[in-house]
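Colleague: Input structure: input.cif, which contains mmCIF, C-alpha atoms.
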data_work
#
loop_
_atom_site.label_atom_id
_atom_site.label_comp_id
_atom_site.auth_asym_id
_atom_site.auth_seq_id
_atom_site.Cartn_x
_atom_site.Cartn_y
_atom_site.Cartn_z
CA LEU A 1 -98.13 43.60 72.66
CA MET A 2 -94.89 44.18 70.85
CA VAL A 3 -96.03 42.27 67.77
CA LEU A 4 -99.66 43.43 67.53
CA GLY A 5 -99.34 46.97 66.21
CA THR A 6 -98.45 46.30 62.57
CA ILE A 7 -100.96 48.96 61.58
CA TYR A 8 -98.85 51.72 63.17
CA ALA A 9 -95.81 50.61 61.16
CA TYR A 10 -97.69 50.18 57.88
CA SER A 11 -95.85 53.05 56.22
CA THR A 12 -92.49 51.34 56.85
CA TRP A 13 -93.43 47.97 55.36
CA SER A 14 -96.26 48.63 52.90
CA ASN A 15 -93.90 49.45 50.05
CA GLN A 16 -92.72 45.84 50.27
CA PHE A 17 -95.91 45.05 48.34
CA ARG A 18 -94.62 47.15 45.42
CA GLY A 19 -90.91 46.69 45.82
CA SER A 20 -88.51 48.77 43.76
CA LEU A 21 -87.24 48.85 40.17
CA LEU A 22 -84.31 46.61 41.04
CA ASP A 23 -86.25 44.37 43.42
CA PRO A 24 -89.94 44.32 42.46
CA GLY A 25 -92.45 43.19 45.06
CA PRO A 26 -95.45 40.93 44.46
CA PHE A 27 -97.60 43.85 43.21
CA PRO A 28 -95.22 46.22 41.39
CA THR A 29 -98.01 48.15 39.65
CA TRP A 30 -99.84 49.06 42.85
CA THR A 31 -100.24 52.77 43.39
CA ALA A 32 -100.42 54.82 46.56
CA ASP A 33 -104.21 54.48 46.29
CA ASP A 34 -103.93 50.69 46.37
CA LEU A 35 -101.68 50.80 49.43
CA GLY A 36 -104.04 53.33 51.02
CA PHE A 37 -107.02 51.03 50.46
CA VAL A 38 -105.24 48.12 52.15
CA TYR A 39 -104.30 50.44 55.03
CA SER A 40 -107.89 51.63 55.38
CA MET A 41 -109.12 48.05 55.61
CA GLY A 42 -106.51 47.35 58.27
CA ILE A 43 -107.53 50.42 60.27
CA PHE A 44 -111.16 49.32 60.10
CA GLY A 45 -110.20 45.93 61.55
CA ALA A 46 -107.90 47.44 64.16
CA PHE A 47 -110.56 49.71 65.57
CA LEU A 48 -113.27 47.06 65.92
CA THR A 49 -112.00 46.13 69.37
CA PRO A 50 -115.48 45.71 70.92
CA ILE A 51 -115.68 42.32 69.22
CA GLY A 52 -112.80 41.11 71.41
CA GLY A 53 -114.55 42.49 74.47
CA VAL A 54 -117.78 40.68 73.65
CA ILE A 55 -115.93 37.40 73.16
CA TYR A 56 -114.03 37.92 76.44
CA ASP A 57 -117.19 38.69 78.43
CA ARG A 58 -119.36 35.97 76.92
CA THR A 59 -116.83 33.15 76.82
CA SER A 60 -113.39 33.29 78.40
CA PRO A 61 -109.97 34.90 78.04
CA THR A 62 -108.58 31.74 76.45
CA THR A 63 -111.32 31.74 73.81
CA THR A 64 -110.66 35.43 73.15
CA TYR A 65 -106.97 34.79 72.61
CA LEU A 66 -107.54 31.75 70.40
CA VAL A 67 -110.15 33.52 68.24
CA GLY A 68 -107.89 36.56 67.90
CA LEU A 69 -104.88 34.43 67.05
CA CYS A 70 -106.85 32.40 64.49
CA MET A 71 -108.11 35.57 62.78
CA ALA A 72 -104.65 37.12 62.69
CA LEU A 73 -102.96 33.96 61.42
CA THR A 74 -105.68 33.43 58.81
CA GLY A 75 -105.10 36.97 57.58
CA PHE A 76 -101.34 36.50 57.41
CA ALA A 77 -101.58 33.05 55.79
CA GLY A 78 -104.12 34.32 53.28
CA MET A 79 -101.91 37.25 52.29
CA ILE A 80 -98.92 34.91 51.93
CA GLY A 81 -101.05 32.56 49.81
CA VAL A 82 -102.19 35.36 47.52
CA ILE A 83 -98.62 36.61 47.13
CA GLN A 84 -97.15 33.15 46.51
CA ALA A 85 -99.90 32.00 44.13
CA GLY A 86 -99.66 35.08 41.96
CA VAL A 87 -102.88 34.24 40.12
CA LEU A 88 -104.92 37.35 40.93
CA THR A 89 -104.81 40.54 38.93
CA ASP A 90 -103.47 43.53 40.80
CA LEU A 91 -107.01 44.91 41.15
CA GLN A 92 -108.32 41.62 42.54
CA ALA A 93 -105.31 41.34 44.83
CA ARG A 94 -105.99 44.82 46.18
CA TYR A 95 -109.42 43.79 47.46
CA VAL A 96 -108.39 40.33 48.65
CA ILE A 97 -105.27 41.63 50.44
CA GLY A 98 -107.38 44.44 51.88
CA PHE A 99 -109.90 41.98 53.31
CA LEU A 100 -107.16 39.70 54.64
CA TYR A 101 -105.39 42.65 56.27
CA TYR A 102 -108.71 43.64 57.82
CA LEU A 103 -108.99 40.08 59.19
CA GLU A 104 -105.43 40.14 60.51
CA GLU A 105 -105.96 43.48 62.24
CA GLN A 106 -109.31 42.32 63.64
CA GLY A 107 -107.41 39.41 65.15
CA SER A 108 -104.73 41.73 66.50
CA SER A 109 -107.34 44.02 68.04
CA THR A 110 -109.06 41.00 69.62
CA LEU A 111 -105.74 39.99 71.17
CA TYR A 112 -105.22 43.59 72.29
CA MET A 113 -108.65 43.63 73.92
CA GLY A 114 -107.84 40.38 75.72
CA ILE A 115 -104.68 41.97 77.10
CA ALA A 116 -106.55 45.11 78.10
CA LEU A 117 -109.27 43.16 79.89
CA ASP A 118 -106.68 40.93 81.58
CA THR A 119 -105.16 44.15 82.88
CA LEU A 120 -108.50 45.13 84.38
CA VAL A 121 -108.80 41.71 86.02
CA HIS A 122 -105.26 41.27 87.31
CA PHE A 123 -104.27 44.79 88.35
CA PRO A 124 -105.65 46.67 91.35
CA ALA A 125 -108.50 49.05 90.52
CA LYS A 126 -106.56 52.05 91.84
CA ASN A 127 -103.90 51.48 89.12
CA VAL A 128 -106.22 50.84 86.17
CA SER A 129 -105.41 54.13 84.45
CA LEU A 130 -101.67 53.56 84.63
CA SER A 131 -101.88 49.91 83.61
CA MET A 132 -104.20 50.63 80.66
CA GLY A 133 -101.93 53.46 79.56
CA LEU A 134 -98.98 51.08 79.57
CA VAL A 135 -100.95 48.54 77.53
CA ALA A 136 -101.77 51.21 74.92
CA LEU A 137 -98.15 52.39 74.94
CA GLY A 138 -96.87 48.86 74.33
CA TYR A 139 -99.27 48.42 71.42
CA SER A 140 -98.17 51.71 69.87
CA LEU A 141 -94.46 51.17 70.46
CA SER A 142 -94.57 47.94 68.50
CA SER A 143 -94.31 50.10 65.38
CA VAL A 144 -90.84 51.20 66.50
CA LEU A 145 -89.81 47.56 66.84
CA PHE A 146 -91.24 46.74 63.41
CA SER A 147 -89.49 49.67 61.79
CA PHE A 148 -86.19 48.63 63.33
CA VAL A 149 -86.56 44.99 62.27
CA ILE A 150 -87.56 45.91 58.73
CA ASP A 151 -84.73 48.42 58.41
CA GLN A 152 -82.05 46.14 59.86
CA TRP A 153 -83.05 42.83 58.24
CA GLN A 154 -84.47 44.03 54.92
CA MET A 155 -87.20 41.40 55.11
CA SER A 156 -89.63 40.60 52.33
CA VAL A 157 -93.30 41.06 53.15
CA VAL A 158 -93.79 37.28 53.23
CA ASN A 159 -90.93 36.79 55.70
CA LEU A 160 -92.27 39.65 57.81
CA PHE A 161 -95.71 38.01 57.98
CA VAL A 162 -94.16 34.66 58.93
CA LEU A 163 -92.05 36.28 61.67
CA VAL A 164 -94.94 38.28 63.12
CA GLY A 165 -97.29 35.28 62.96
CA ALA A 166 -94.75 33.07 64.74
CA LEU A 167 -94.09 35.63 67.48
CA MET A 168 -97.80 36.32 67.88
CA SER A 169 -98.44 32.57 68.25
CA ALA A 170 -95.63 32.09 70.77
CA PHE A 171 -96.72 35.02 72.95
CA THR A 172 -100.39 34.01 72.82
CA VAL A 173 -99.64 30.41 73.79
CA ALA A 174 -97.39 31.66 76.62
CA ARG A 175 -100.15 33.96 77.91
CA VAL A 176 -102.77 31.20 77.83
CA CYS A 177 -100.44 28.71 79.55
CA ILE A 178 -99.25 31.14 82.24
CA LEU A 179 -102.49 32.85 83.23
CA GLY A 180 -105.15 30.42 82.04
CA ASP A 181 -108.74 31.62 82.41
CA VAL A 182 -109.87 34.23 84.87
CA ALA A 183 -113.46 35.11 84.15
CA SER A 184 -114.18 38.79 83.60
CA SER A 185 -116.94 38.54 86.20
CA GLU A 186 -114.20 38.06 88.80
CA TRP A 187 -113.08 41.64 88.18
CA GLN A 188 -115.69 42.95 90.58
CA GLN A 189 -114.34 40.71 93.32
CA VAL A 190 -110.69 41.52 92.56
CA SER A 191 -111.22 45.29 92.28
CA THR A 192 -112.92 45.61 95.67
CA VAL A 193 -110.05 43.94 97.52
#
Would you kindly transcribe this structure into structure tokens?

Modeller:
Amino acid sequence: LMVLGTIYAYSTWSNQFRGSLLDPGPFPTWTADDLGFVYSMGIFGAFLTPIGGVIYDRTSPTTTYLVGLCMALTGFAGMIGVIQAGVLTDLQARYVIGFLYYLEEQGSSTLYMGIALDTLVHFPAKNVSLSMGLVALGYSLSSVLFSFVIDQWQMSVVNLFVLVGALMSAFTVARVCILGDVASSEWQQVSTV
């Protein structure tokens, strides 16, 4: 959870796209409107969590996590590729980065939904409200961690994407290896115990 909520910390790292006069970023001519468009695309992806729920219910938790991780990593890798290649105009980059950020956030929200549904499966029904509240809190608090890391380490946007992608991968693999698959249909049996 602590690496999924990049959308809540967007205001602390989005200016890395523009940079400053002394240290220009990959898109120094971007305006607040450009950054706002990318943010809007990310929000759209972040709030499409039902997709993760459908995948979880129709396949398995492991599939949900792998699909979410693949979407998030594709978004990060695509944004890094666009930044490193430097072949798009700033206007083209705005739309491509926006779509890739949407994809990354869709992946993050799919991972979030997997965690939320795991909580429903693995926690007693009488504590669902508390456990779901803690899941949402963890997702939201990740912005505090991001802000701290960005402030302390002065990371470029590319390095930030690499770090987040690596942590997201490590935590997802750990979750899949530790818990494996527990079908969502088992929730009914677990919750009545």

Colleague: Give the padded box for range 1-18 of chain A as lines of an AutoDock Vina configuration file: axis-aligned, covering all atoms listed in the file, 5 Å on each side, centre and edge lengths in Å to one decimal.

Modeller:
center_x = -96.7
center_y = 47.7
center_z = 59.0
size_x = 18.5
size_y = 20.8
size_z = 37.2

Colleague: Evaluate the PyMOL selection byres ((chain A and resi 84) around 12) on the structure here and hand back the selected residues as a PDB file with C-alpha atoms, keeping the file's coordinate frame.

Modeller:
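Output contents, as saved in out_30.pdb:
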ATOM      1  CA  GLY A  25     -92.450  43.190  45.060  1.00  0.00           C
ATOM      2  CA  PRO A  26     -95.450  40.930  44.460  1.00  0.00           C
ATOM      3  CA  PHE A  27     -97.600  43.850  43.210  1.00  0.00           C
ATOM      4  CA  ALA A  77    -101.580  33.050  55.790  1.00  0.00           C
ATOM      5  CA  GLY A  78    -104.120  34.320  53.280  1.00  0.00           C
ATOM      6  CA  MET A  79    -101.910  37.250  52.290  1.00  0.00           C
ATOM      7  CA  ILE A  80     -98.920  34.910  51.930  1.00  0.00           C
ATOM      8  CA  GLY A  81    -101.050  32.560  49.810  1.00  0.00           C
ATOM      9  CA  VAL A  82    -102.190  35.360  47.520  1.00  0.00           C
ATOM     10  CA  ILE A  83     -98.620  36.610  47.130  1.00  0.00           C
ATOM     11  CA  ALA A  85     -99.900  32.000  44.130  1.00  0.00           C
ATOM     12  CA  GLY A  86     -99.660  35.080  41.960  1.00  0.00           C
ATOM     13  CA  VAL A  87    -102.880  34.240  40.120  1.00  0.00           C
ATOM     14  CA  LEU A  88    -104.920  37.350  40.930  1.00  0.00           C
ATOM     15  CA  ALA A  93    -105.310  41.340  44.830  1.00  0.00           C
ATOM     16  CA  VAL A 157     -93.300  41.060  53.150  1.00  0.00           C
ATOM     17  CA  VAL A 158     -93.790  37.280  53.230  1.00  0.00           C
ATOM     18  CA  ASN A 159     -90.930  36.790  55.700  1.00  0.00           C
TER      19      ASN A 159
END

Colleague: Quick one: of A:Ser156, A:Ser140, A:Ser40, A:Asn15, who's nearest to Phe99 in chain A, counting all atoms listed in the file?

Modeller: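 For Phe99 in chain A, the nearest of the candidates is A:Ser40.
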
Colleague: Write out as a PyMOL selection string each polymer residue whose atoms come within 10 Å of Thr74 in chain A, counting all atoms listed in the file; drop sequence neighbours fewer than 5 positions from it.

Modeller: chain A and resi 68-69+79-80+100-101+103-104+107+165

Colleague: What is the distance, in Å and to one decimal place, between CA of Gly114 in chain A and CA of Gly36 in chain A?

Modeller: 28.1 Å

Colleague: What's around range 126-133 of chain A at 9 Å? Count all atoms listed in the file, leave out sequence neighbours fewer than 4 positions away in its own chain, and write the answer as a compact mmCIF listing (two decimals) with C-alpha atoms, keeping the file's coordinate frame.

Modeller:
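So part39.txt came out as:
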# COMPACT_ATOMS: atom_id res chain seq x y z
CA ALA A 116 -106.55 45.11 78.10
CA THR A 119 -105.16 44.15 82.88
CA LEU A 120 -108.50 45.13 84.38
CA LEU A 137 -98.15 52.39 74.94
CA GLY A 138 -96.87 48.86 74.33
CA SER A 191 -111.22 45.29 92.28

Colleague: Which protein, DNA or RNA residues are at most 12 Å from (-103.0, 43.8, 69.6) in the file's coordinates when you count only C-alpha atoms, listed as a PyMOL selection string?

Modeller: chain A and resi 1-8+45-49+52+64-65+68-69+71-72+104-116+135-143+164+168+171-172

Colleague: Distance CA of Arg175 in chain A-CA of Asp118 in chain A, one decimal place?

Modeller: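 Taking CA of Arg175 in chain A as the start and CA of Asp118 in chain A as the end point, the length is 10.2 Å.
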
Colleague: Specify as a ChimeraX atom specification each residue included when the PyMOL selection byres ((chain A and resi 11) around 12) is applied to this file.

Modeller: /A:6-10,12-17,32,35-36,38-39,143-144,146-147,150

Colleague: To one decimal in Å, tell me the separation between CA of Asp57 in chain A and CA of Cys177 in chain A.

Modeller: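 So the two atoms, CA of Asp57 in chain A and CA of Cys177 in chain A, lie 19.5 Å apart.
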
Colleague: For range 146-166 of chain A, where the input has fewer atoms than it should, I would like N, CA, C and O atoms rebuilt and written as a PDB file, in the coordinates of the input.

Modeller:
ATOM      1  N   PHE A 146     -91.079  47.164  64.804  1.00  0.00           N
ATOM      2  CA  PHE A 146     -91.240  46.740  63.410  1.00  0.00           C
ATOM      3  C   PHE A 146     -90.344  47.532  62.488  1.00  0.00           C
ATOM      4  O   PHE A 146     -89.689  46.965  61.609  1.00  0.00           O
ATOM      5  N   SER A 147     -90.320  48.828  62.657  1.00  0.00           N
ATOM      6  CA  SER A 147     -89.490  49.670  61.790  1.00  0.00           C
ATOM      7  C   SER A 147     -88.029  49.279  61.901  1.00  0.00           C
ATOM      8  O   SER A 147     -87.317  49.198  60.901  1.00  0.00           O
ATOM      9  N   PHE A 148     -87.575  49.027  63.118  1.00  0.00           N
ATOM     10  CA  PHE A 148     -86.190  48.630  63.330  1.00  0.00           C
ATOM     11  C   PHE A 148     -85.892  47.295  62.657  1.00  0.00           C
ATOM     12  O   PHE A 148     -84.889  47.147  61.958  1.00  0.00           O
ATOM     13  N   VAL A 149     -86.759  46.319  62.858  1.00  0.00           N
ATOM     14  CA  VAL A 149     -86.560  44.990  62.270  1.00  0.00           C
ATOM     15  C   VAL A 149     -86.544  45.068  60.748  1.00  0.00           C
ATOM     16  O   VAL A 149     -85.671  44.499  60.083  1.00  0.00           O
ATOM     17  N   ILE A 150     -87.482  45.791  60.190  1.00  0.00           N
ATOM     18  CA  ILE A 150     -87.560  45.910  58.730  1.00  0.00           C
ATOM     19  C   ILE A 150     -86.324  46.611  58.191  1.00  0.00           C
ATOM     20  O   ILE A 150     -85.746  46.196  57.183  1.00  0.00           O
ATOM     21  N   ASP A 151     -85.899  47.661  58.858  1.00  0.00           N
ATOM     22  CA  ASP A 151     -84.730  48.420  58.410  1.00  0.00           C
ATOM     23  C   ASP A 151     -83.453  47.594  58.525  1.00  0.00           C
ATOM     24  O   ASP A 151     -82.619  47.608  57.627  1.00  0.00           O
ATOM     25  N   GLN A 152     -83.286  46.882  59.628  1.00  0.00           N
ATOM     26  CA  GLN A 152     -82.050  46.140  59.860  1.00  0.00           C
ATOM     27  C   GLN A 152     -81.962  44.854  59.045  1.00  0.00           C
ATOM     28  O   GLN A 152     -80.892  44.469  58.595  1.00  0.00           O
ATOM     29  N   TRP A 153     -83.082  44.149  58.874  1.00  0.00           N
ATOM     30  CA  TRP A 153     -83.050  42.830  58.240  1.00  0.00           C
ATOM     31  C   TRP A 153     -83.503  42.826  56.795  1.00  0.00           C
ATOM     32  O   TRP A 153     -83.406  41.806  56.132  1.00  0.00           O
ATOM     33  N   GLN A 154     -84.011  43.937  56.301  1.00  0.00           N
ATOM     34  CA  GLN A 154     -84.470  44.030  54.920  1.00  0.00           C
ATOM     35  C   GLN A 154     -85.322  42.813  54.530  1.00  0.00           C
ATOM     36  O   GLN A 154     -85.056  42.115  53.561  1.00  0.00           O
ATOM     37  N   MET A 155     -86.349  42.569  55.312  1.00  0.00           N
ATOM     38  CA  MET A 155     -87.200  41.400  55.110  1.00  0.00           C
ATOM     39  C   MET A 155     -88.215  41.619  54.002  1.00  0.00           C
ATOM     40  O   MET A 155     -88.715  42.731  53.824  1.00  0.00           O
ATOM     41  N   SER A 156     -88.529  40.538  53.296  1.00  0.00           N
ATOM     42  CA  SER A 156     -89.630  40.600  52.330  1.00  0.00           C
ATOM     43  C   SER A 156     -90.932  40.615  53.126  1.00  0.00           C
ATOM     44  O   SER A 156     -90.972  40.260  54.303  1.00  0.00           O
ATOM     45  N   VAL A 157     -92.010  40.993  52.473  1.00  0.00           N
ATOM     46  CA  VAL A 157     -93.300  41.060  53.150  1.00  0.00           C
ATOM     47  C   VAL A 157     -93.739  39.667  53.610  1.00  0.00           C
ATOM     48  O   VAL A 157     -94.314  39.515  54.690  1.00  0.00           O
ATOM     49  N   VAL A 158     -93.431  38.640  52.836  1.00  0.00           N
ATOM     50  CA  VAL A 158     -93.790  37.280  53.230  1.00  0.00           C
ATOM     51  C   VAL A 158     -93.039  36.877  54.493  1.00  0.00           C
ATOM     52  O   VAL A 158     -93.613  36.355  55.449  1.00  0.00           O
ATOM     53  N   ASN A 159     -91.722  37.125  54.518  1.00  0.00           N
ATOM     54  CA  ASN A 159     -90.930  36.790  55.700  1.00  0.00           C
ATOM     55  C   ASN A 159     -91.369  37.585  56.924  1.00  0.00           C
ATOM     56  O   ASN A 159     -91.368  37.068  58.042  1.00  0.00           O
ATOM     57  N   LEU A 160     -91.768  38.832  56.707  1.00  0.00           N
ATOM     58  CA  LEU A 160     -92.270  39.650  57.810  1.00  0.00           C
ATOM     59  C   LEU A 160     -93.551  39.034  58.380  1.00  0.00           C
ATOM     60  O   LEU A 160     -93.700  38.903  59.593  1.00  0.00           O
ATOM     61  N   PHE A 161     -94.467  38.626  57.512  1.00  0.00           N
ATOM     62  CA  PHE A 161     -95.710  38.010  57.980  1.00  0.00           C
ATOM     63  C   PHE A 161     -95.450  36.712  58.729  1.00  0.00           C
ATOM     64  O   PHE A 161     -96.088  36.423  59.733  1.00  0.00           O
ATOM     65  N   VAL A 162     -94.502  35.913  58.251  1.00  0.00           N
ATOM     66  CA  VAL A 162     -94.160  34.660  58.930  1.00  0.00           C
ATOM     67  C   VAL A 162     -93.580  34.961  60.312  1.00  0.00           C
ATOM     68  O   VAL A 162     -93.964  34.335  61.314  1.00  0.00           O
ATOM     69  N   LEU A 163     -92.662  35.924  60.387  1.00  0.00           N
ATOM     70  CA  LEU A 163     -92.050  36.280  61.670  1.00  0.00           C
ATOM     71  C   LEU A 163     -93.087  36.791  62.665  1.00  0.00           C
ATOM     72  O   LEU A 163     -93.153  36.331  63.809  1.00  0.00           O
ATOM     73  N   VAL A 164     -93.924  37.713  62.236  1.00  0.00           N
ATOM     74  CA  VAL A 164     -94.940  38.280  63.120  1.00  0.00           C
ATOM     75  C   VAL A 164     -95.930  37.205  63.553  1.00  0.00           C
ATOM     76  O   VAL A 164     -96.296  37.112  64.730  1.00  0.00           O
ATOM     77  N   GLY A 165     -96.356  36.360  62.625  1.00  0.00           N
ATOM     78  CA  GLY A 165     -97.290  35.280  62.960  1.00  0.00           C
ATOM     79  C   GLY A 165     -96.681  34.308  63.969  1.00  0.00           C
ATOM     80  O   GLY A 165     -97.358  33.871  64.913  1.00  0.00           O
ATOM     81  N   ALA A 166     -95.408  33.983  63.803  1.00  0.00           N
ATOM     82  CA  ALA A 166     -94.750  33.070  64.740  1.00  0.00           C
ATOM     83  C   ALA A 166     -94.620  33.687  66.123  1.00  0.00           C
ATOM     84  O   ALA A 166     -94.901  33.027  67.138  1.00  0.00           O
TER      85      ALA A 166
END
